[in-house]
>>> print(open('coords16.txt').read())   # compact mmCIF, C-alpha atoms
# COMPACT_ATOMS: atom_id res chain seq x y z
CA MET A 12 231.21 52.12 -24.34
CA ALA A 13 229.83 51.31 -20.97
CA ARG A 14 227.09 48.77 -20.70
CA HIS A 15 224.07 49.61 -18.64
CA THR A 16 221.58 47.09 -17.31
CA ILE A 17 218.07 48.37 -17.25
CA PHE A 18 215.76 46.80 -14.68
CA MET A 19 212.10 47.00 -15.53
CA ASP A 20 209.20 46.14 -13.29
CA VAL A 21 207.66 42.92 -14.54
CA PRO A 22 203.93 42.92 -13.82
CA SER A 23 202.80 39.97 -11.70
CA LEU A 24 199.40 38.38 -11.33
CA PRO A 25 197.74 37.90 -7.95
CA ASP A 26 198.26 34.48 -6.42
CA ASP A 27 194.55 33.63 -6.70
CA VAL A 28 194.63 34.23 -10.45
CA LEU A 29 197.82 32.22 -10.86
CA ARG A 30 196.32 29.39 -8.84
CA ILE A 31 193.24 29.25 -11.07
CA ILE A 32 195.44 29.22 -14.19
CA PHE A 33 197.62 26.38 -12.95
CA GLU A 34 194.69 24.36 -11.60
CA THR A 35 192.81 24.69 -14.89
CA ALA A 36 195.88 23.65 -16.89
CA ALA A 37 196.51 20.73 -14.52
CA ARG A 38 192.97 19.41 -14.94
CA ASP A 39 193.29 19.59 -18.72
CA ASP A 40 196.57 17.66 -18.92
CA ALA A 41 197.79 15.45 -16.09
CA ARG A 42 201.23 14.99 -17.69
CA LYS A 43 201.85 18.72 -17.74
CA ALA A 44 200.55 18.94 -14.19
CA VAL A 45 203.42 16.73 -13.02
CA LYS A 46 205.90 19.17 -14.58
CA PHE A 47 204.14 22.12 -12.96
CA THR A 48 205.03 20.71 -9.54
CA LEU A 49 208.70 21.49 -10.27
CA ILE A 50 208.15 25.23 -10.73
CA SER A 51 207.92 26.14 -7.06
CA LYS A 52 206.63 24.85 -3.76
CA LEU A 53 203.63 27.15 -3.97
CA VAL A 54 202.67 25.97 -7.46
CA CYS A 55 203.27 22.38 -6.35
CA THR A 56 200.75 22.87 -3.55
CA TRP A 57 198.15 24.18 -5.99
CA VAL A 58 198.67 21.50 -8.60
CA GLU A 59 198.74 18.57 -6.17
CA ARG A 60 195.13 19.28 -5.29
CA CYS A 61 194.21 18.51 -8.89
CA LEU A 62 196.65 15.64 -9.31
CA TYR A 63 195.26 13.72 -6.37
CA GLN A 64 191.63 14.81 -6.50
CA ASP A 65 190.80 12.21 -9.16
CA VAL A 66 193.08 9.16 -9.18
CA LYS A 67 192.78 6.41 -11.80
CA LEU A 68 194.85 3.27 -11.32
CA TYR A 69 194.07 1.05 -14.29
CA THR A 70 197.54 -0.25 -15.07
CA GLU A 71 200.35 -1.89 -13.15
CA LYS A 72 202.55 1.12 -13.89
CA SER A 73 200.09 3.62 -12.43
CA LEU A 74 199.51 1.43 -9.39
CA GLN A 75 203.24 1.12 -8.72
CA SER A 76 203.70 4.88 -9.11
CA PHE A 77 200.98 5.60 -6.59
CA LEU A 78 202.44 3.10 -4.13
CA ARG A 79 205.81 4.85 -4.43
CA ALA A 80 204.08 8.15 -3.69
CA LEU A 81 202.59 6.59 -0.55
CA ASP A 82 205.95 5.20 0.58
CA SER A 83 208.17 8.18 -0.20
CA SER A 84 205.82 11.06 0.46
CA SER A 85 206.82 13.63 3.05
CA LYS A 86 203.20 14.67 3.32
CA PRO A 87 201.20 14.07 6.49
CA LYS A 88 199.35 10.78 6.78
CA CYS A 89 196.01 12.49 6.31
CA PHE A 90 197.02 14.00 2.95
CA PHE A 91 195.67 11.22 0.72
CA ALA A 92 192.64 10.70 2.94
CA THR A 93 191.62 14.33 2.53
CA ARG A 94 192.83 15.08 -1.02
CA VAL A 95 191.69 12.02 -2.98
CA LYS A 96 187.97 12.42 -3.61
CA SER A 97 187.58 10.12 -6.60
CA LEU A 98 189.44 6.83 -6.96
CA THR A 99 189.36 4.16 -9.65
CA ILE A 100 191.36 1.01 -9.02
CA SER A 101 191.74 -2.33 -10.77
CA TYR A 102 193.27 -5.12 -8.75
CA ASP A 103 193.98 -8.83 -8.81
CA ILE A 104 191.84 -10.47 -6.15
CA TYR A 105 194.66 -12.93 -5.44
CA ASN A 106 197.17 -10.12 -4.91
CA SER A 107 195.02 -7.69 -2.97
CA GLU A 108 197.48 -6.39 -0.37
CA ARG A 109 198.47 -3.41 -2.53
CA ALA A 110 194.84 -2.52 -3.19
CA ALA A 111 194.18 -2.66 0.55
CA ARG A 112 197.04 -0.21 1.22
CA ILE A 113 195.81 2.26 -1.39
CA LEU A 114 192.16 2.08 -0.36
CA SER A 115 193.08 2.47 3.29
CA ALA A 116 195.17 5.56 2.54
CA CYS A 117 192.35 7.07 0.42
CA ARG A 118 189.58 6.39 2.91
CA GLY A 119 188.00 9.82 2.38
CA VAL A 120 186.86 9.17 -1.21
CA ASP A 121 183.35 10.16 -2.26
CA ASN A 122 183.44 8.49 -5.69
CA LEU A 123 184.89 4.98 -5.73
CA THR A 124 185.26 2.62 -8.68
CA ILE A 125 186.51 -0.92 -8.07
CA TRP A 126 187.22 -3.41 -10.84
CA ALA A 127 188.23 -6.77 -9.40
CA ILE A 128 190.26 -8.67 -11.99
CA PRO A 129 190.67 -12.36 -11.07
CA SER A 130 193.94 -14.00 -11.98
CA LEU A 131 193.56 -16.69 -14.64
CA ASP A 132 195.94 -18.92 -12.70
CA HIS A 133 193.49 -19.06 -9.81
CA VAL A 134 190.11 -19.15 -11.56
CA GLN A 135 187.92 -21.87 -10.12
CA THR A 136 186.04 -24.00 -12.63
CA ASP A 137 184.06 -26.17 -10.25
CA HIS A 138 181.71 -23.44 -9.04
CA ALA A 139 180.38 -20.26 -10.57
CA LEU A 140 180.81 -18.29 -7.38
CA PRO A 141 183.52 -19.04 -4.80
CA HIS A 142 182.68 -19.68 -1.16
CA TYR A 143 184.29 -17.87 1.73
CA ASP A 144 184.97 -18.44 5.39
CA HIS A 145 182.52 -15.80 6.59
CA SER A 146 178.91 -16.66 5.93
CA LEU A 147 175.30 -15.63 6.17
CA ARG A 148 172.93 -18.25 7.58
CA VAL A 149 169.16 -18.45 7.68
CA PRO A 150 168.26 -20.09 10.99
CA ASP A 151 164.93 -21.62 11.97
CA ASP A 152 163.12 -18.27 12.06
CA GLY A 153 163.98 -17.68 8.39
CA ARG A 154 166.03 -14.50 8.87
CA ALA A 155 169.45 -14.23 7.26
CA GLN A 156 172.17 -13.38 9.78
CA LEU A 157 175.87 -12.65 9.37
CA ILE A 158 177.90 -15.27 11.19
CA SER A 159 181.47 -14.31 12.11
CA SER A 160 183.61 -17.36 11.45
CA GLY A 161 187.12 -16.00 11.16
CA GLY A 162 186.60 -13.67 8.22
CA PRO A 163 187.93 -14.15 4.70
CA PRO A 164 191.14 -16.02 3.84
CA ASP A 165 194.42 -14.47 5.02
CA GLN A 166 195.33 -12.99 1.64
CA LEU A 167 192.02 -11.11 1.59
CA ARG A 168 191.76 -10.21 5.26
CA ALA A 169 193.35 -6.74 4.91
CA LEU A 170 191.10 -5.81 1.99
CA TYR A 171 188.04 -7.12 3.80
CA ARG A 172 188.93 -4.97 6.82
CA VAL A 173 189.19 -1.88 4.61
CA PHE A 174 185.77 -2.58 3.08
CA SER A 175 184.29 -3.22 6.49
CA ASP A 176 185.83 -0.48 8.63
CA HIS A 177 187.45 2.32 6.61
CA LEU A 178 185.68 3.18 3.35
CA ARG A 179 182.41 5.16 3.33
CA PRO A 180 181.95 6.41 -0.26
CA LYS A 181 178.77 8.10 -1.46
CA ARG A 182 178.92 6.79 -5.00
CA LEU A 183 180.26 3.37 -5.98
CA ALA A 184 180.76 1.56 -9.29
CA ILE A 185 181.90 -1.99 -8.71
CA LEU A 186 182.53 -5.38 -10.19
CA VAL A 187 181.70 -7.43 -7.11
CA ASP A 188 184.14 -10.22 -6.26
CA LYS A 189 186.18 -11.39 -3.29
CA PRO A 190 186.14 -10.55 -0.44
CA LEU A 191 182.68 -8.98 -0.64
CA TYR A 192 180.88 -12.27 -1.17
CA ALA A 193 179.50 -14.25 1.72
CA THR A 194 177.98 -17.72 1.73
CA ILE A 195 174.28 -17.72 2.57
CA GLN A 196 172.62 -20.88 3.82
CA LEU A 197 169.01 -20.73 2.63
CA ASP A 198 168.03 -23.94 4.37
CA TRP A 199 169.78 -26.98 5.77
CA THR A 200 170.82 -28.22 2.32
CA THR A 201 170.94 -25.13 0.06
CA THR A 202 173.57 -22.40 0.00
CA THR A 203 174.29 -19.50 -2.33
CA SER A 204 176.88 -16.73 -2.59
CA SER A 205 175.85 -13.11 -2.32
CA PRO A 206 177.51 -9.77 -1.47
CA ASP A 207 177.50 -8.83 2.19
CA PHE A 208 175.63 -5.52 1.97
CA SER A 209 175.94 -5.04 5.73
CA LEU A 210 179.62 -4.05 5.33
CA GLY A 211 180.54 -0.45 6.09
CA LEU A 212 181.44 0.08 2.43
CA PHE A 213 177.71 0.28 1.66
CA ASP A 214 176.58 2.38 4.64
CA ASN A 215 176.71 5.86 3.07
CA LEU A 216 176.01 4.96 -0.55
CA THR A 217 173.41 6.96 -2.41
CA HIS A 218 174.43 5.81 -5.92
CA LEU A 219 175.47 2.22 -6.64
CA SER A 220 176.41 0.90 -10.10
CA ILE A 221 176.95 -2.85 -10.28
CA VAL A 222 178.61 -4.08 -13.47
CA ASN A 223 178.36 -7.80 -12.76
CA ARG A 224 176.33 -9.71 -15.32
CA TRP A 225 172.67 -10.38 -14.62
CA THR A 226 173.51 -14.07 -14.16
CA ASP A 227 175.40 -12.93 -11.04
CA TRP A 228 173.09 -10.36 -9.42
CA ASN A 229 169.99 -12.36 -10.28
CA THR A 230 171.04 -14.94 -7.67
CA TRP A 231 171.96 -12.47 -4.92
CA ILE A 232 170.09 -12.01 -1.65
CA TRP A 233 169.50 -8.26 -1.73
CA ASN A 234 167.68 -8.02 1.57
CA GLN A 235 169.57 -9.89 4.26
CA ASP A 236 166.72 -9.56 6.72
CA SER A 237 164.51 -11.53 4.38
CA ILE A 238 161.96 -14.18 5.18
CA ALA A 239 162.51 -17.09 2.82
CA SER A 240 159.82 -19.60 2.01
CA MET A 241 160.62 -23.11 0.90
CA SER A 242 159.43 -22.30 -2.63
CA HIS A 243 162.21 -21.84 -5.17
CA ASP A 244 160.06 -19.55 -7.31
CA MET A 245 159.06 -16.87 -4.81
CA VAL A 246 160.75 -15.38 -1.78
CA ARG A 247 158.90 -12.92 0.39
CA TYR A 248 160.93 -9.89 1.44
CA ARG A 249 160.28 -7.29 4.06
CA ILE A 250 161.90 -3.89 4.32
CA ASP A 251 165.24 -3.75 6.09
CA ASN A 252 166.96 -0.40 6.54
CA LYS A 253 170.08 -2.00 8.02
CA CYS A 254 171.58 -2.77 4.60
CA LEU A 255 172.13 0.02 2.06
CA PRO A 256 170.19 2.45 4.29
CA ARG A 257 170.80 5.58 2.16
CA LEU A 258 170.65 4.07 -1.31
CA THR A 259 168.48 6.04 -3.74
CA HIS A 260 169.99 5.17 -7.14
CA LEU A 261 170.87 1.65 -8.30
CA SER A 262 171.99 0.54 -11.76
CA LEU A 263 172.31 -3.05 -12.93
CA GLU A 264 173.80 -4.56 -16.07
CA ILE A 265 171.77 -6.74 -18.42
CA PRO A 266 174.12 -7.92 -21.19
CA VAL A 267 172.03 -9.61 -23.86
CA ALA A 268 173.93 -11.88 -26.22
CA LYS A 269 173.38 -15.18 -27.98
CA ARG A 270 176.13 -16.74 -25.91
CA ALA A 271 174.44 -15.60 -22.69
CA PHE A 272 171.16 -17.11 -23.81
CA SER A 273 172.66 -20.41 -24.91
CA ASN A 274 174.80 -20.80 -21.78
CA SER A 275 172.10 -19.76 -19.34
CA PHE A 276 169.08 -21.48 -20.82
CA HIS A 277 170.54 -24.38 -22.87
CA LEU A 278 168.12 -23.70 -25.70
CA PRO A 279 167.70 -26.27 -28.48
CA SER A 280 169.15 -25.31 -31.84
CA ASP A 281 165.72 -24.75 -33.38
CA HIS A 282 164.89 -21.92 -30.95
CA ASN A 283 166.10 -19.07 -33.11
CA SER A 284 163.36 -16.50 -32.58
CA PHE A 285 164.00 -13.44 -30.45
CA GLU A 286 160.83 -13.62 -28.39
CA GLN A 287 161.40 -16.93 -26.62
CA PRO A 288 164.94 -16.35 -25.23
CA ALA A 289 164.13 -12.72 -24.44
CA GLN A 290 160.99 -13.86 -22.62
CA ARG A 291 163.05 -16.31 -20.60
CA LEU A 292 165.51 -13.57 -19.75
CA ALA A 293 162.63 -11.35 -18.63
CA GLU A 294 161.19 -14.12 -16.47
CA SER A 295 164.61 -14.67 -14.90
CA VAL A 296 165.38 -11.07 -13.95
CA GLY A 297 161.82 -9.78 -13.47
CA LEU A 298 161.41 -11.35 -10.05
CA SER A 299 164.75 -10.02 -8.81
CA LEU A 300 163.91 -6.51 -10.00
CA ALA A 301 160.56 -6.68 -8.24
CA ARG A 302 162.25 -7.82 -5.03
CA ILE A 303 164.74 -4.96 -5.22
CA LEU A 304 161.99 -2.40 -5.75
CA ALA A 305 160.11 -3.90 -2.83
CA SER A 306 163.11 -3.91 -0.50
CA PHE A 307 164.66 -0.45 -0.88
CA LYS A 308 163.39 3.11 -0.96
CA LEU A 309 164.93 3.77 -4.33
CA ARG A 310 164.29 6.82 -6.47
CA VAL A 311 165.73 5.17 -9.58
CA LEU A 312 166.36 1.55 -10.55
CA LEU A 313 168.21 1.72 -13.86
CA CYS A 314 168.69 -1.40 -15.96
CA ILE A 315 171.45 -0.97 -18.55
CA VAL A 316 170.91 -3.22 -21.56
CA THR A 317 174.05 -3.99 -23.57
CA PHE A 318 175.02 -6.12 -26.59
CA ASP A 319 171.44 -6.27 -27.79
CA ASP A 320 170.09 -5.73 -31.30
CA SER A 321 166.56 -5.19 -29.97
CA PRO A 322 166.97 -3.33 -26.65
CA HIS A 323 163.50 -1.76 -26.73
CA SER A 324 161.79 -5.14 -27.12
CA THR A 325 163.93 -6.64 -24.37
CA ALA A 326 163.11 -3.75 -22.03
CA ARG A 327 159.39 -4.05 -22.78
CA LEU A 328 159.34 -7.75 -21.90
CA ILE A 329 161.33 -7.23 -18.70
CA ARG A 330 159.08 -4.36 -17.65
CA GLU A 331 155.94 -6.45 -18.14
CA VAL A 332 157.25 -9.42 -16.16
CA THR A 333 158.56 -7.13 -13.40
CA ALA A 334 155.18 -5.38 -13.17
CA SER A 335 153.36 -8.68 -12.72
CA ASN A 336 155.78 -9.70 -9.96
CA ILE A 337 155.36 -6.30 -8.29
CA GLU A 338 151.62 -6.94 -8.13
CA VAL A 339 152.30 -10.20 -6.30
CA LEU A 340 154.65 -8.49 -3.85
CA GLY A 341 152.15 -5.67 -3.46
CA ALA A 342 149.49 -8.18 -2.51
CA LEU A 343 151.91 -9.41 0.15
CA GLU A 344 152.21 -5.79 1.38
CA THR A 345 155.95 -5.58 0.81
CA LEU A 346 156.14 -2.42 -1.33
CA PRO A 347 157.93 0.29 0.69
CA LEU A 348 156.41 3.41 -0.87
CA GLU A 349 152.66 3.96 -0.90
CA PRO A 350 152.85 6.62 -3.68
CA CYS A 351 154.57 4.12 -5.95
CA ARG A 352 151.91 1.53 -5.26
CA ARG A 353 149.22 3.97 -6.36
CA LYS A 354 151.14 4.80 -9.53
CA LEU A 355 151.45 1.21 -10.74
CA SER A 356 149.89 0.58 -14.14
CA ALA A 357 149.76 -2.28 -16.59
CA LYS A 358 152.04 -0.44 -19.04
CA ILE A 359 154.53 1.33 -16.79
CA GLY A 360 154.61 -0.89 -13.74
CA ASP A 361 156.77 0.74 -11.09
CA PRO A 362 157.66 4.24 -12.36
CA ARG A 363 161.08 4.05 -10.70
CA LEU A 364 162.16 1.36 -13.18
CA VAL A 365 164.07 2.83 -16.14
CA PHE A 366 165.94 1.15 -18.99
CA ALA A 367 168.95 2.41 -20.93
CA HIS A 368 170.87 1.03 -23.89
CA ASP A 369 174.63 1.56 -23.66
CA ARG A 370 176.28 1.17 -27.06
CA ASP A 371 179.75 1.62 -25.59
CA PRO A 372 179.61 -0.08 -22.17
CA PHE A 373 183.38 -0.04 -21.61
CA ARG A 374 183.78 3.73 -21.83
CA GLU A 375 183.59 6.16 -18.92
CA ARG A 376 181.81 3.95 -16.40
CA GLU A 377 183.58 5.33 -13.33
CA ALA A 378 181.46 6.56 -10.44
CA GLY A 379 181.10 10.31 -10.73
CA SER A 380 182.07 10.47 -14.41
CA TYR A 381 180.20 12.82 -16.74
CA LYS A 382 178.59 9.92 -18.58
CA VAL A 383 177.30 8.37 -15.36
CA TRP A 384 176.04 11.69 -13.96
CA ASN A 385 174.22 12.40 -17.21
CA MET A 386 172.75 8.91 -17.10
CA TRP A 387 171.35 9.45 -13.60
CA GLU A 388 169.92 12.86 -14.48
CA ARG A 389 168.11 11.55 -17.54
CA ALA A 390 166.81 8.56 -15.62
CA GLU A 391 165.45 10.85 -12.89
CA GLU A 392 163.59 12.85 -15.53
CA ILE A 393 162.02 9.68 -16.93
CA VAL A 394 160.94 8.64 -13.43
CA ARG A 395 159.40 12.05 -12.82
CA LEU A 396 157.40 11.85 -16.04
CA GLN A 397 156.32 8.27 -15.35
CA MET A 398 155.19 9.28 -11.87
CA GLN A 399 152.96 11.88 -13.51
CA GLY A 400 151.77 9.48 -16.17
CA GLN A 401 153.10 11.77 -18.90
CA LEU A 402 155.33 9.33 -20.69
CA PRO A 403 153.29 6.27 -21.72
CA GLU A 404 155.19 6.02 -25.02
CA ALA A 405 158.46 5.46 -23.13
CA CYS A 406 157.28 2.17 -21.68
CA GLY A 407 159.51 -0.65 -22.79
CA GLN A 408 161.94 1.75 -24.48
CA CYS A 409 165.55 2.49 -23.57
CA LEU A 410 167.44 5.69 -23.07
CA SER A 411 170.49 5.85 -25.30
CA ILE A 412 173.64 6.52 -23.30
>>> encode(input="coords16.txt", output="structure tokens")
Amino acid sequence: MARHTIFMDVPSLPDDVLRIIFETAARDDARKAVKFTLISKLVCTWVERCLYQDVKLYTEKSLQSFLRALDSSSKPKCFFATRVKSLTISYDIYNSERAARILSACRGVDNLTIWAIPSLDHVQTDHALPHYDHSLRVPDDGRAQLISSGGPPDQLRALYRVFSDHLRPKRLAILVDKPLYATIQLDWTTTTSSPDFSLGLFDNLTHLSIVNRWTDWNTWIWNQDSIASMSHDMVRYRIDNKCLPRLTHLSLEIPVAKRAFSNSFHLPSDHNSFEQPAQRLAESVGLSLARILASFKLRVLLCIVTFDDSPHSTARLIREVTASNIEVLGALETLPLEPCRRKLSAKIGDPRLVFAHDRDPFREREAGSYKVWNMWERAEEIVRLQMQGQLPEACGQCLSI
């Protein structure tokens, strides 16, 4: 009996429909997306857009894999610069050459997350913040200026160049470390370390999330065109649009823990009440928050309280101290926005100041993540209501994120 082969027309989907199917599947499961690239060149082209659109390099294995892709790729040099729109990278500050290569290749990112992980073998114990070759100096006229003195050390020079010349993200989440710090000479005998916000990395930022502890950012010079008095307690700032010129949203971390209190304030053992250490914390950060509000045209200044059993009480104290410092700065005519000055009240203070309590601070903190976007949207709503005076009960309370 003769065998007959019957050919039937197999219905096919339009390429646009197939592309949507593969792209959706690739976004849902990155491991399957890698296998999809083997189906055909056309499918590979579709899936690669998803594979490289959001890159997360948390582990040594993922970092090595991405470096191999950079070295062996037959793609044009502009591929990673145009395809990678969101990048998260953890790197050892004492082995930063690889991070510099990756960041330079992905210079077109809009969302950038940088976790600097110092090597334990190189941690300095003689100073809380390391000093660097490049520095900021306050000369006789009191204005901080960036002095070029050879740049950072050789092992950090490539990374510093990337931060200075190549990267222009819109949204940044960062643990600030080398080589972003500069040494600032406040007077002839006093120096401090602070991020160099004049670097190109900060030029296009609209959203900045800093995850350093408050004991770090509380000592920073936020406005590098500042006029510093000789008083340790008060520094007068004037508006400077040269640094962080487009910044509208800023979030800062305020981890509250018994260890932080004991290490920072050296409290006697009989000081066990909440109010006294929390009040000292508020007095420490309140002036810095007032300076920040006075120096930038922010829409939202979000303080994220973590590791705190009484976040609402902590927020209330910080808000009160910040409000009193804002009044002092307002008397010095340093507030940038006249509408905000009119909206100041004893309870709310500056309506742009919002507090949030993060119960899980280690989850989904990347720039552009759903959690962070939701956080900004809710904070904007609180600011809007506070501007209208419609949310007096929210004063001193925290959003739950």
>>> closest_residue(input="coords16.txt", among="A:His218, A:Arg112, A:Arg330, A:Lys86", to="A:Thr124", atoms="only C-alpha atoms")
A:His218
>>> closest_residue(input="coords16.txt", among="A:Tyr171, A:Phe33, A:Phe366, A:Trp387", to="A:His260", atoms="only C-alpha atoms")
A:Trp387
>>> atom_distance(input="coords16.txt", atom1="atom CA of A:Ser380", atom2="atom CA of A:Leu167")
28.6 Å
>>> atom_distance(input="coords16.txt", atom1="atom CA of A:Ser220", atom2="atom CA of A:Thr201")
28.5 Å
>>> atom_distance(input="coords16.txt", atom1="atom CA of A:Arg370", atom2="atom CA of A:Gly400")
28.1 Å
>>> residues_around(input="coords16.txt", residues="A:Ser204", least_positions_apart="3", cutoff="6 Å", atoms="all atoms listed in the file", output="ChimeraX atom specification")
/A:193-195
>>> residues_around(input="coords16.txt", residues="A:Lys189", least_positions_apart="2", cutoff="7 Å", atoms="all atoms listed in the file", output="JSON, numbers by chain")
{"A": [104, 191, 192]}
>>> closest_residue(input="coords16.txt", among="A:Ser115, A:Ser411, A:Thr93, A:Asn122", to="A:Lys67", atoms="all atoms listed in the file")
A:Asn122
>>> residues_around(input="coords16.txt", residues="stretch 301-304 of chain A", least_positions_apart="2", cutoff="6 Å", atoms="all atoms listed in the file", output="mmCIF file with C-alpha atoms, in the frame of the given file")
data_model
loop_
_atom_site.group_PDB
_atom_site.id
_atom_site.type_symbol
_atom_site.label_atom_id
_atom_site.label_comp_id
_atom_site.auth_asym_id
_atom_site.auth_seq_id
_atom_site.Cartn_x
_atom_site.Cartn_y
_atom_site.Cartn_z
ATOM 1 C CA LEU A 298 161.410 -11.350 -10.050
ATOM 2 C CA SER A 299 164.750 -10.020 -8.810
ATOM 3 C CA SER A 306 163.110 -3.910 -0.500
ATOM 4 C CA PHE A 307 164.660 -0.450 -0.880
ATOM 5 C CA THR A 333 158.560 -7.130 -13.400
ATOM 6 C CA ASN A 336 155.780 -9.700 -9.960
ATOM 7 C CA ILE A 337 155.360 -6.300 -8.290
#
>>> residues_around(input="coords16.txt", residues="A:Gly211", least_positions_apart="3", cutoff="9 Å", atoms="only C-alpha atoms", output="number ranges by chain")
A: 173-179, 208, 214-215
>>> closest_residue(input="coords16.txt", among="A:Asp188, A:Asp207, A:Glu391, A:Asp82", to="A:Ser107", atoms="all atoms listed in the file")
A:Asp188
>>> closest_residue(input="coords16.txt", among="A:Lys88, A:Leu81, A:Ala127, A:Pro180", to="A:Tyr102", atoms="all atoms listed in the file")
A:Ala127
>>> residues_around(input="coords16.txt", residues="A:Met386", least_positions_apart="5", cutoff="9 Å", atoms="all atoms listed in the file", output="PyMOL selection string")
chain A and resi 367+381+391+410+412
